[in-house]
$ cat data04.csv   # CSV, C-alpha atoms
chain,number,residue,atom,x,y,z
L,1,VAL,CA,12.5,3.1,-8.0
L,2,GLN,CA,11.6,-0.5,-8.2
L,3,LEU,CA,12.3,-3.5,-6.0
L,4,GLN,CA,11.7,-6.7,-8.0
L,5,ALA,CA,11.3,-9.8,-6.0
L,6,SER,CA,11.6,-13.3,-7.5
L,7,GLY,CA,12.1,-16.9,-6.5
L,8,GLY,CA,8.9,-17.7,-4.8
L,9,GLY,CA,7.1,-21.0,-5.4
L,10,SER,CA,5.9,-24.2,-3.9
L,11,VAL,CA,8.1,-26.7,-2.1
L,12,GLN,CA,7.6,-29.6,0.3
L,13,ALA,CA,8.4,-29.3,4.0
L,14,GLY,CA,12.1,-29.6,4.6
L,15,GLY,CA,12.9,-28.2,1.1
L,16,SER,CA,14.7,-25.0,0.1
L,17,LEU,CA,13.9,-21.8,-1.9
L,18,ARG,CA,16.0,-18.8,-2.7
L,19,LEU,CA,14.3,-15.4,-3.0
L,20,SER,CA,16.0,-12.5,-4.7
L,21,CYS,CA,15.3,-8.8,-4.7
L,22,THR,CA,16.8,-6.5,-7.2
L,23,ALA,CA,16.8,-2.7,-6.9
L,24,SER,CA,16.5,-0.4,-10.0
L,25,GLY,CA,16.2,3.3,-10.3
L,26,ARG,CA,18.5,3.8,-7.3
L,27,THR,CA,20.7,1.8,-5.1
L,28,PHE,CA,20.6,1.3,-1.3
L,29,SER,CA,24.3,0.8,-1.0
L,30,SER,CA,24.5,3.2,1.9
L,31,GLY,CA,21.4,1.8,3.6
L,32,ALA,CA,19.8,-1.6,4.0
L,33,MET,CA,17.5,-4.1,2.4
L,34,ALA,CA,15.2,-6.5,4.2
L,35,TRP,CA,12.6,-9.2,3.8
L,36,PHE,CA,9.3,-9.1,5.6
L,37,ARG,CA,6.3,-11.4,5.3
L,38,GLN,CA,2.6,-11.0,5.8
L,39,ALA,CA,-0.3,-13.4,5.9
L,40,PRO,CA,-3.8,-12.2,5.1
L,41,GLY,CA,-5.4,-10.4,8.1
L,42,LYS,CA,-2.1,-10.5,10.1
L,43,GLU,CA,0.5,-7.9,10.8
L,44,ARG,CA,3.7,-7.6,8.8
L,45,GLU,CA,6.4,-9.8,10.3
L,46,PHE,CA,10.2,-9.1,10.0
L,47,VAL,CA,12.2,-11.9,8.5
L,48,ALA,CA,15.7,-10.8,7.8
L,49,ALA,CA,17.7,-7.7,6.9
L,50,ILE,CA,21.2,-6.7,5.8
L,51,ARG,CA,23.1,-3.4,5.8
L,52,LEU,CA,24.7,-3.2,2.4
L,53,SER,CA,27.8,-1.3,3.5
L,54,ASP,CA,29.1,-3.7,6.1
L,55,ARG,CA,26.9,-6.8,5.6
L,56,ALA,CA,25.7,-6.7,9.1
L,57,THR,CA,22.6,-8.8,9.4
L,58,ASP,CA,19.6,-9.5,11.6
L,59,SER,CA,17.0,-12.2,11.4
L,60,SER,CA,13.9,-13.1,13.4
L,61,THR,CA,14.0,-15.9,15.9
L,62,SER,CA,11.5,-17.9,13.9
L,63,VAL,CA,13.9,-18.2,10.9
L,64,LYS,CA,17.3,-18.0,12.6
L,65,GLY,CA,19.4,-21.0,11.6
L,66,ARG,CA,17.2,-21.8,8.6
L,67,PHE,CA,17.2,-18.5,6.5
L,68,THR,CA,20.3,-16.6,5.4
L,69,ILE,CA,20.3,-13.1,3.9
L,70,SER,CA,23.2,-12.0,1.6
L,71,ARG,CA,23.9,-9.3,-1.0
L,72,ASP,CA,25.8,-9.3,-4.2
L,73,VAL,CA,29.0,-7.4,-4.9
L,74,ALA,CA,27.2,-4.6,-6.7
L,75,LYS,CA,24.9,-4.1,-3.7
L,76,THR,CA,21.9,-4.1,-6.0
L,77,THR,CA,20.5,-7.5,-5.2
L,78,VAL,CA,19.8,-9.3,-1.9
L,79,HIS,CA,19.1,-13.0,-1.6
L,80,LEU,CA,17.2,-14.9,1.0
L,81,GLN,CA,18.2,-18.5,1.1
L,82,MET,CA,15.5,-20.4,2.9
L,83,ASP,CA,16.3,-23.9,4.0
L,84,ASP,CA,14.3,-26.5,6.1
L,85,LEU,CA,11.1,-24.8,5.1
L,86,LYS,CA,8.0,-25.4,7.2
L,87,PRO,CA,4.3,-25.1,6.4
L,88,GLU,CA,4.1,-22.1,8.7
L,89,ASP,CA,6.5,-20.3,6.3
L,90,THR,CA,3.7,-20.2,3.8
L,91,VAL,CA,3.0,-16.6,3.1
L,92,HIS,CA,3.8,-13.6,0.9
L,93,TYR,CA,7.3,-12.3,1.2
L,94,TYR,CA,8.1,-8.6,0.6
L,95,CYS,CA,11.5,-7.0,0.1
L,96,ALA,CA,12.2,-3.4,1.3
L,97,GLY,CA,15.0,-0.9,0.9
L,98,ALA,CA,16.2,1.8,3.2
L,99,ILE,CA,18.2,4.8,1.8
L,100,ARG,CA,19.9,5.6,5.1
L,101,ARG,CA,21.9,3.2,7.1
L,102,PRO,CA,19.9,2.1,10.2
L,103,ILE,CA,21.5,1.1,13.5
L,104,LEU,CA,21.5,-2.7,13.9
L,105,SER,CA,18.6,-2.7,16.4
L,106,ASN,CA,16.5,-0.9,13.9
L,107,LEU,CA,17.0,-3.3,11.0
L,108,ARG,CA,13.7,-5.0,11.9
L,109,ASN,CA,11.7,-1.8,12.1
L,110,PRO,CA,9.6,-1.4,9.0
L,111,ALA,CA,9.4,2.3,9.5
L,112,VAL,CA,13.1,2.7,8.4
L,113,TYR,CA,12.4,1.3,4.9
L,114,ASP,CA,11.6,3.8,2.2
L,115,TYR,CA,10.6,1.5,-0.7
L,116,TRP,CA,8.8,-1.8,-0.9
L,117,GLY,CA,8.5,-4.3,-3.6
L,118,GLN,CA,5.6,-6.5,-4.6
L,119,GLY,CA,5.1,-9.8,-2.7
L,120,THR,CA,6.3,-13.1,-3.8
L,121,LEU,CA,4.4,-16.2,-2.6
L,122,VAL,CA,6.1,-19.1,-0.9
L,123,THR,CA,4.0,-22.2,-0.3
L,124,VAL,CA,5.3,-25.1,1.8
L,125,SER,CA,3.3,-28.3,1.9
L,126,SER,CA,3.5,-30.9,4.6

$ encode --input "data04.csv" --output "structure tokens"
Amino acid sequence: VQLQASGGGSVQAGGSLRLSCTASGRTFSSGAMAWFRQAPGKEREFVAAIRLSDRATDSSTSVKGRFTISRDVAKTTVHLQMDDLKPEDTVHYYCAGAIRRPILSNLRNPAVYDYWGQGTLVTVSS
């Protein structure tokens, strides 16, 4: 099982980036996919998640209104549209996949995710 993240890069503050995460080897169509981020020496932080069956979403307060998570029709790829980026958004972003459908309140719990992809770096300059 692989979760391939792409779309990271460098942008100026106020700019936009779109991250994508594609699952291969299995699908998470009955579960959920999410984005977390982690800075060196800090705890992993929840960013956004989506249940693939009903498209229910959750996002952290720090990105609400700026970041939007979505999935494609085939339910194999999720996207994180990041607008109005800020320097504090500079960090590695990791996608994750859950086989089982979590309740909404658990979408932000890293323990429900079974697979993790490699990080993709987002750098926002002021």

$ atom_distance --input "data04.csv" --atom1 "CA of Leu17 (chain L)" --atom2 "CA of Pro102 (chain L)"
27.5 Å

$ residues_around --input "data04.csv" --residues "Arg55 (chain L)" --least-positions-apart "6" --cutoff "12 Å" --atoms "all atoms listed in the file" --output "ChimeraX atom specification"
/L:29-34,49,68-73,75,78,101,104,107

$ residues_near_point --input "data04.csv" --point "(15.6, 1.5, -8.3)" --cutoff "6 Å" --atoms "all atoms listed in the file" --output "number ranges by chain"
L: 1-2, 23-26

$ write_last_selection --input "data04.csv" --atoms "C-alpha atoms" --output "JSON list (two decimals), in the frame of the given file"
[["chain", "number", "residue", "atom", "x", "y", "z"],
["L", 1, "VAL", "CA", 12.50, 3.10, -8.00],
["L", 2, "GLN", "CA", 11.60, -0.50, -8.20],
["L", 23, "ALA", "CA", 16.80, -2.70, -6.90],
["L", 24, "SER", "CA", 16.50, -0.40, -10.00],
["L", 25, "GLY", "CA", 16.20, 3.30, -10.30],
["L", 26, "ARG", "CA", 18.50, 3.80, -7.30]]

$ residues_around --input "data04.csv" --residues "Ala13 (chain L)" --least-positions-apart "2" --cutoff "8 Å" --atoms "all atoms listed in the file" --output "list in words"
Val11, Gly15, Asp84, Leu85, Lys86, Pro87, Val124, Ser125 and Ser126 of chain L

$ closest_residue --input "data04.csv" --among "L:Thr76, L:Thr27, L:Gln81, L:Thr22" --to "Lys64 (chain L)" --atoms "all atoms listed in the file"
L:Gln81

$ residues_around --input "data04.csv" --residues "Phe67 (chain L)" --least-positions-apart "4" --cutoff "9 Å" --atoms "only C-alpha atoms" --output "compact mmCIF listing (two decimals) with C-alpha atoms, in the coordinates of the input"
# COMPACT_ATOMS: atom_id res chain seq x y z
CA VAL L 47 12.20 -11.90 8.50
CA ALA L 48 15.70 -10.80 7.80
CA SER L 59 17.00 -12.20 11.40
CA VAL L 63 13.90 -18.20 10.90
CA LEU L 80 17.20 -14.90 1.00
CA GLN L 81 18.20 -18.50 1.10
CA MET L 82 15.50 -20.40 2.90
CA ASP L 83 16.30 -23.90 4.00
CA ASP L 84 14.30 -26.50 6.10
CA LEU L 85 11.10 -24.80 5.10

$ atom_distance --input "data04.csv" --atom1 "CA of Gly8 (chain L)" --atom2 "CA of Arg100 (chain L)"
27.6 Å

$ atom_distance --input "data04.csv" --atom1 "CA of Val112 (chain L)" --atom2 "CA of Gly65 (chain L)"
24.7 Å

$ residues_around --input "data04.csv" --residues "Thr120 (chain L)" --least-positions-apart "2" --cutoff "7 Å" --atoms "only C-alpha atoms" --output "MDAnalysis selection string"
chainID L and resid 5:6 8 92:94 118 122

$ closest_residue --input "data04.csv" --among "L:Leu3, L:Leu19, L:Ala39, L:Ile50" --to "Ile103 (chain L)" --atoms "only C-alpha atoms"
L:Ile50

$ closest_residue --input "data04.csv" --among "L:Asp58, L:Ser16, L:Glu43, L:Phe28" --to "Ala98 (chain L)" --atoms "all atoms listed in the file"
L:Phe28

$ closest_residue --input "data04.csv" --among "L:Gly7, L:Cys95, L:Thr77, L:Gln12" --to "Glu45 (chain L)" --atoms "only C-alpha atoms"
L:Cys95

$ build_atoms --input "data04.csv" --residues "region 69-80 of chain L" --atoms "all heavy atoms" --output "PDB file, in the frame of the given file"
ATOM      1  N   ILE L  69      20.398 -14.278   4.783  1.00  0.00           N
ATOM      2  CA  ILE L  69      20.300 -13.100   3.900  1.00  0.00           C
ATOM      3  C   ILE L  69      21.712 -12.756   3.430  1.00  0.00           C
ATOM      4  O   ILE L  69      22.658 -12.800   4.224  1.00  0.00           O
ATOM      5  CB  ILE L  69      19.557 -11.955   4.505  1.00  0.00           C
ATOM      6  CG1 ILE L  69      19.255 -10.881   3.457  1.00  0.00           C
ATOM      7  CG2 ILE L  69      20.316 -11.388   5.701  1.00  0.00           C
ATOM      8  CD1 ILE L  69      18.273  -9.817   3.937  1.00  0.00           C
ATOM      9  N   SER L  70      21.858 -12.387   2.174  1.00  0.00           N
ATOM     10  CA  SER L  70      23.200 -12.000   1.600  1.00  0.00           C
ATOM     11  C   SER L  70      22.941 -10.943   0.556  1.00  0.00           C
ATOM     12  O   SER L  70      21.813 -10.739   0.105  1.00  0.00           O
ATOM     13  CB  SER L  70      23.925 -13.175   1.099  1.00  0.00           C
ATOM     14  OG  SER L  70      23.217 -13.768   0.013  1.00  0.00           O
ATOM     15  N   ARG L  71      24.013 -10.306   0.134  1.00  0.00           N
ATOM     16  CA  ARG L  71      23.900  -9.300  -1.000  1.00  0.00           C
ATOM     17  C   ARG L  71      24.975  -9.612  -1.988  1.00  0.00           C
ATOM     18  O   ARG L  71      25.989 -10.233  -1.685  1.00  0.00           O
ATOM     19  CB  ARG L  71      24.043  -7.903  -0.422  1.00  0.00           C
ATOM     20  CG  ARG L  71      25.384  -7.584   0.247  1.00  0.00           C
ATOM     21  CD  ARG L  71      25.878  -6.243  -0.251  1.00  0.00           C
ATOM     22  NE  ARG L  71      27.045  -5.774   0.468  1.00  0.00           N
ATOM     23  CZ  ARG L  71      28.291  -5.906   0.005  1.00  0.00           C
ATOM     24  NH1 ARG L  71      28.512  -6.542  -1.140  1.00  0.00           N
ATOM     25  NH2 ARG L  71      29.301  -5.419   0.695  1.00  0.00           N
ATOM     26  N   ASP L  72      24.747  -9.113  -3.193  1.00  0.00           N
ATOM     27  CA  ASP L  72      25.800  -9.300  -4.200  1.00  0.00           C
ATOM     28  C   ASP L  72      26.804  -8.208  -4.144  1.00  0.00           C
ATOM     29  O   ASP L  72      26.663  -7.244  -3.393  1.00  0.00           O
ATOM     30  CB  ASP L  72      25.098  -9.358  -5.609  1.00  0.00           C
ATOM     31  CG  ASP L  72      24.525  -8.008  -6.022  1.00  0.00           C
ATOM     32  OD1 ASP L  72      24.385  -7.104  -5.181  1.00  0.00           O
ATOM     33  OD2 ASP L  72      24.184  -7.862  -7.213  1.00  0.00           O
ATOM     34  N   VAL L  73      27.871  -8.370  -4.901  1.00  0.00           N
ATOM     35  CA  VAL L  73      29.000  -7.400  -4.900  1.00  0.00           C
ATOM     36  C   VAL L  73      28.565  -6.038  -5.272  1.00  0.00           C
ATOM     37  O   VAL L  73      28.996  -5.035  -4.714  1.00  0.00           O
ATOM     38  CB  VAL L  73      30.139  -7.938  -5.762  1.00  0.00           C
ATOM     39  CG1 VAL L  73      31.254  -6.906  -5.858  1.00  0.00           C
ATOM     40  CG2 VAL L  73      30.683  -9.250  -5.239  1.00  0.00           C
ATOM     41  N   ALA L  74      27.673  -5.948  -6.241  1.00  0.00           N
ATOM     42  CA  ALA L  74      27.200  -4.600  -6.700  1.00  0.00           C
ATOM     43  C   ALA L  74      26.276  -3.947  -5.787  1.00  0.00           C
ATOM     44  O   ALA L  74      25.937  -2.773  -5.998  1.00  0.00           O
ATOM     45  CB  ALA L  74      26.562  -4.814  -8.100  1.00  0.00           C
ATOM     46  N   LYS L  75      25.843  -4.658  -4.737  1.00  0.00           N
ATOM     47  CA  LYS L  75      24.900  -4.100  -3.700  1.00  0.00           C
ATOM     48  C   LYS L  75      23.585  -3.687  -4.319  1.00  0.00           C
ATOM     49  O   LYS L  75      22.953  -2.736  -3.846  1.00  0.00           O
ATOM     50  CB  LYS L  75      25.562  -2.899  -3.025  1.00  0.00           C
ATOM     51  CG  LYS L  75      26.871  -3.209  -2.326  1.00  0.00           C
ATOM     52  CD  LYS L  75      27.457  -1.947  -1.699  1.00  0.00           C
ATOM     53  CE  LYS L  75      28.834  -2.196  -1.131  1.00  0.00           C
ATOM     54  NZ  LYS L  75      29.431  -0.956  -0.574  1.00  0.00           N
ATOM     55  N   THR L  76      23.169  -4.377  -5.378  1.00  0.00           N
ATOM     56  CA  THR L  76      21.900  -4.100  -6.000  1.00  0.00           C
ATOM     57  C   THR L  76      20.868  -5.184  -5.755  1.00  0.00           C
ATOM     58  O   THR L  76      19.674  -4.985  -5.982  1.00  0.00           O
ATOM     59  CB  THR L  76      22.008  -3.814  -7.480  1.00  0.00           C
ATOM     60  OG1 THR L  76      22.582  -4.971  -8.106  1.00  0.00           O
ATOM     61  CG2 THR L  76      22.887  -2.602  -7.751  1.00  0.00           C
ATOM     62  N   THR L  77      21.348  -6.342  -5.345  1.00  0.00           N
ATOM     63  CA  THR L  77      20.500  -7.500  -5.200  1.00  0.00           C
ATOM     64  C   THR L  77      20.750  -8.157  -3.827  1.00  0.00           C
ATOM     65  O   THR L  77      21.907  -8.321  -3.443  1.00  0.00           O
ATOM     66  CB  THR L  77      20.681  -8.526  -6.297  1.00  0.00           C
ATOM     67  OG1 THR L  77      20.377  -7.925  -7.554  1.00  0.00           O
ATOM     68  CG2 THR L  77      19.788  -9.746  -6.095  1.00  0.00           C
ATOM     69  N   VAL L  78      19.689  -8.489  -3.132  1.00  0.00           N
ATOM     70  CA  VAL L  78      19.800  -9.300  -1.900  1.00  0.00           C
ATOM     71  C   VAL L  78      19.113 -10.606  -2.139  1.00  0.00           C
ATOM     72  O   VAL L  78      18.139 -10.691  -2.894  1.00  0.00           O
ATOM     73  CB  VAL L  78      19.267  -8.570  -0.671  1.00  0.00           C
ATOM     74  CG1 VAL L  78      20.084  -7.340  -0.362  1.00  0.00           C
ATOM     75  CG2 VAL L  78      17.803  -8.259  -0.813  1.00  0.00           C
ATOM     76  N   HIS L  79      19.624 -11.616  -1.467  1.00  0.00           N
ATOM     77  CA  HIS L  79      19.100 -13.000  -1.600  1.00  0.00           C
ATOM     78  C   HIS L  79      18.644 -13.433  -0.210  1.00  0.00           C
ATOM     79  O   HIS L  79      19.262 -13.089   0.801  1.00  0.00           O
ATOM     80  CB  HIS L  79      20.110 -13.914  -2.156  1.00  0.00           C
ATOM     81  CG  HIS L  79      20.707 -13.460  -3.454  1.00  0.00           C
ATOM     82  ND1 HIS L  79      20.031 -13.534  -4.656  1.00  0.00           N
ATOM     83  CD2 HIS L  79      21.920 -12.907  -3.735  1.00  0.00           C
ATOM     84  CE1 HIS L  79      20.795 -13.068  -5.610  1.00  0.00           C
ATOM     85  NE2 HIS L  79      21.947 -12.676  -5.093  1.00  0.00           N
ATOM     86  N   LEU L  80      17.602 -14.225  -0.188  1.00  0.00           N
ATOM     87  CA  LEU L  80      17.200 -14.900   1.000  1.00  0.00           C
ATOM     88  C   LEU L  80      17.162 -16.378   0.767  1.00  0.00           C
ATOM     89  O   LEU L  80      16.271 -16.873   0.077  1.00  0.00           O
ATOM     90  CB  LEU L  80      15.790 -14.388   1.481  1.00  0.00           C
ATOM     91  CG  LEU L  80      15.315 -14.936   2.820  1.00  0.00           C
ATOM     92  CD1 LEU L  80      16.174 -14.349   3.953  1.00  0.00           C
ATOM     93  CD2 LEU L  80      13.845 -14.606   3.055  1.00  0.00           C
TER      94      LEU L  80
END
